[in-house]
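*Asks:* One structure coming up, written as structure tokens, with questions to follow.
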Amino acid sequence: MNFHEYRALFVAIVGILALLVASPALSRLLVFPKTEFFTEFWILDSNHKAENYPFNVTRTASYSVFLGIGNHLGHTAYYVVEVKLRNQTQSAPNSFNRTSSSLPSLINITAFVADEETWEYPLTFSFDYVYNEALSRVEFSSLKLNDASIDVTGFTTGWDSRSSGFLYNLFFELWIYDAATSSFRYHERSVGLWFNMTTS
Amino acid sequence: MRREVHLDLKPLFVLSMLLVMASLSPVLVSHVEADESNQSQAVSALADAEANVVSAYKAVLKADEAGANVSGLLVRLNEAGGLLTRAHAAYGLGDFDYALELANLCQERLSGFVAESDGLRETAIQDHYRDFFVNVVGSVLGAVGVVCGGLFVWFRLDRRYGKSGS
């Protein structure tokens with residue numbers, strides 16, 4: 001048997017060995033670049049489910065939800081959640097135009113989230129309001145968010161005949177810090193809950 | 001015969017009120033001035049705390065890009081962010097003293113933060129270079145060595161057995 005008949009086998013063994021030894025370098029070169037960069041933003045009920053959100057709200061009663069952020073931007077991000085309150089006629093964030101609501105923020109919640117990590121914020125809130133029978137509307141006086149009491153005097157909502165209630169929307173807009181411009185910009189994400197302010 | 005004396009108390013009342021106001025005015029003015037001073041101090045502390053948070057975030061971002069483990073820093077940064085949120089809420093309610101206290105706490109929480117972050121970044125860069133030399137340069141040189149070794153063995157074997165044909 002000729003020695004040269006083993007040439008192919010020899011080359012294959014040396015090639016496999018060389019590839020094995022070079023694998024740490026190859027693993028760095030053959031990494032497919034990440035192409036999708038996005039942020040998740042969610043709101044869950046008190047049982048961490050998307051089921052039993054509070055709707056019929058009683059004056060000064062407390063309700064709990066969880067706000068969550070999932071960072072898939074490829075770097076650590078600095079987010080600010082702007083908490084806003086609106087009735088049906090006031091400005092809302094627009095997902096088609098990708099614009100935020102023009103209403104002022106009641107309170108800003110900051111969050112620093114590492115890449116591929118999530119952040120969760122337990123939020124307990126209650127509304128203090130009165131029913132103005134003469135004007136048939138609900139008039140708010142304060143909103144309590146966790147420990148912070150926020151003055152919301154002047155916020156009102158009228159009777160909604162379609163829903164048979166006094167509806168109000170507590171919503172959260174996600175803003176992100178842009179290190180290039182050293183400013184915050186709207187991150188085109190918002191979540192919110194509609195409430196019926198019960199008066200009896 | 002009794003004679004009734006009617007005293008007109010109006011000028012006396014006005015005079016006494018003026019005297020009371022004059023005596024209280026320094027107190028009132030100082031109270032308003034103190035309130036304004038507290039407010040301006042709170043505004044300044046909030047602006048400083050915000051600037052510190054941004055600087056800290058930029059330092060973390062650099063450390064993260066260098067491959068450092070920034071999870072511990074992010075815990076601190078989130079605590080500082082929470083204090084800043086509460087400081088803004090207190091300011092919104094007109095509680096300037098509490099806003100000032102929280103803004104100062106936020107800055108305290110970030111004391112030495114940028115230096116620590118820069119240190120982690122430097123360590124990460126050094127680890128990255130070491131990793132590059134061991135894993136990339138080392139493995140490429142190893143693979144070249146395997147190929148050269150293979151050729152050497154092949155030619156040795158060829159010299160020994162190739163001519164004999166067995």
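Identifiers in this document derive from the order of the structure tokens: chains are assigned A, B, ..., residues are numbered from 1 separately in each chain, and ligands are numbered from 1 in order of occurrence.
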If we count only C-alpha atoms, what is near Asn47 of chain A at a cut-off of 10 Å, once residues fewer than 3 positions away on the same chain are taken out, given as a PDB file with C-alpha atoms, in the first residue's frame?
*Replies:*
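Okay, this is what ended up in result07.pdb:
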ATOM      1  CA  LEU A  44     -49.548  44.410  33.705  1.00  0.00           C
ATOM      2  CA  ALA A  50     -52.669  41.263  31.123  1.00  0.00           C
ATOM      3  CA  GLU A  51     -56.151  40.375  32.353  1.00  0.00           C
ATOM      4  CA  ASN A  52     -57.668  42.159  35.315  1.00  0.00           C
ATOM      5  CA  TYR A  53     -56.776  45.774  34.857  1.00  0.00           C
ATOM      6  CA  SER A  64     -51.806  48.437  41.591  1.00  0.00           C
ATOM      7  CA  VAL A  65     -50.217  47.743  38.238  1.00  0.00           C
ATOM      8  CA  PHE A  66     -46.703  46.997  36.992  1.00  0.00           C
TER       9      PHE A  66
END
*Asks:* Restrict the distance test to only C-alpha atoms, flag each residue of chain A within 6 Å of chain B, and return the flagged residues as a list in words.
*Replies:*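 So the contacting residues turn out to be Met1, Asn2, Phe3, Val14, Ala18, Val21, Ala22, Pro24, Ala25, Ile109, Thr110 and Phe112 of chain A.
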*Asks:* Could you check how far atom CA of Gln41 of chain B sits from atom CA of Phe113 of chain B, in Å to one decimal?
*Replies:*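 Between atom CA of Gln41 of chain B and atom CA of Phe113 of chain B the gap works out to 23.4 Å.
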*Asks:* Quick one: pull the distance between atom CA of Glu108 of chain B and atom CA of Asp147 of chain A, Å, one decimal.
*Replies:*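 Going from atom CA of Glu108 of chain B over to atom CA of Asp147 of chain A, I get 21.4 Å.
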*Asks:* Neighbouring residues of segment 166-183 of chain A were defined as those with any atom within 9 Å, considering only C-alpha atoms; residues of the same chain fewer than 2 positions away were excluded. Please report them as a PDB file with C-alpha atoms, in the first residue's frame.
*Replies:*
ATOM      1  CA  PHE A  41     -42.895  48.685  27.054  1.00  0.00           C
ATOM      2  CA  LEU A  67     -44.857  49.001  34.375  1.00  0.00           C
ATOM      3  CA  ALA A  77     -30.361  52.941  27.927  1.00  0.00           C
ATOM      4  CA  TYR A  78     -31.610  55.854  30.011  1.00  0.00           C
ATOM      5  CA  TYR A  79     -35.392  56.005  29.866  1.00  0.00           C
ATOM      6  CA  VAL A  80     -37.894  58.405  31.340  1.00  0.00           C
ATOM      7  CA  VAL A  81     -41.529  57.415  31.709  1.00  0.00           C
ATOM      8  CA  GLU A  82     -43.784  60.462  31.583  1.00  0.00           C
ATOM      9  CA  VAL A  83     -47.012  59.944  33.492  1.00  0.00           C
ATOM     10  CA  LYS A  84     -49.963  61.827  32.006  1.00  0.00           C
ATOM     11  CA  LEU A  85     -53.677  62.140  32.558  1.00  0.00           C
ATOM     12  CA  ARG A  86     -56.316  62.980  29.935  1.00  0.00           C
ATOM     13  CA  ASN A  87     -60.003  62.885  29.237  1.00  0.00           C
ATOM     14  CA  GLN A  88     -61.478  61.805  25.901  1.00  0.00           C
ATOM     15  CA  ALA A  92     -53.206  61.523  23.120  1.00  0.00           C
ATOM     16  CA  PRO A  93     -49.980  59.962  21.836  1.00  0.00           C
ATOM     17  CA  SER A 100     -46.341  62.163  21.994  1.00  0.00           C
ATOM     18  CA  SER A 101     -49.257  63.836  23.747  1.00  0.00           C
ATOM     19  CA  ARG A 137     -68.873  66.089  35.586  1.00  0.00           C
ATOM     20  CA  VAL A 138     -66.140  64.620  37.739  1.00  0.00           C
ATOM     21  CA  THR A 156     -62.354  67.215  34.696  1.00  0.00           C
ATOM     22  CA  THR A 157     -64.315  64.707  32.679  1.00  0.00           C
ATOM     23  CA  GLY A 158     -67.910  64.752  31.530  1.00  0.00           C
ATOM     24  CA  TRP A 159     -70.463  61.981  31.238  1.00  0.00           C
ATOM     25  CA  ASP A 160     -69.822  59.595  28.360  1.00  0.00           C
ATOM     26  CA  SER A 161     -73.173  58.265  27.177  1.00  0.00           C
ATOM     27  CA  SER A 163     -69.725  53.969  27.879  1.00  0.00           C
ATOM     28  CA  SER A 164     -72.172  55.146  30.542  1.00  0.00           C
ATOM     29  CA  ARG A 185     -36.711  62.240  22.611  1.00  0.00           C
ATOM     30  CA  TYR A 186     -40.026  60.448  22.459  1.00  0.00           C
ATOM     31  CA  HIS A 187     -39.346  56.736  21.995  1.00  0.00           C
ATOM     32  CA  GLU A 188     -42.676  56.107  20.245  1.00  0.00           C
ATOM     33  CA  ARG A 189     -43.962  53.801  22.952  1.00  0.00           C
ATOM     34  CA  SER A 190     -46.931  54.423  25.205  1.00  0.00           C
ATOM     35  CA  VAL A 191     -49.267  52.373  27.354  1.00  0.00           C
ATOM     36  CA  GLY A 192     -52.296  53.415  29.347  1.00  0.00           C
ATOM     37  CA  LEU A 193     -55.453  52.488  31.162  1.00  0.00           C
ATOM     38  CA  TRP A 194     -58.969  53.907  30.896  1.00  0.00           C
ATOM     39  CA  PHE A 195     -60.893  54.267  34.120  1.00  0.00           C
ATOM     40  CA  ASN A 196     -64.526  54.854  34.912  1.00  0.00           C
ATOM     41  CA  MET A 197     -64.747  57.229  37.857  1.00  0.00           C
ATOM     42  CA  THR A 198     -67.655  55.916  39.888  1.00  0.00           C
ATOM     43  CA  THR A 199     -69.705  58.539  41.699  1.00  0.00           C
TER      44      THR A 199
ATOM     45  CA  VAL B  54     -26.536  62.379  32.903  1.00  0.00           C
ATOM     46  CA  LYS B  58     -22.575  58.628  29.965  1.00  0.00           C
TER      47      LYS B  58
END
*Asks:* B:Leu100, B:Ala68, B:Cys106, B:Leu19: which is nearest Ala51 of chain B, counting only C-alpha atoms?
*Replies:*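 Distance minimum relative to Ala51 of chain B lands on B:Cys106.
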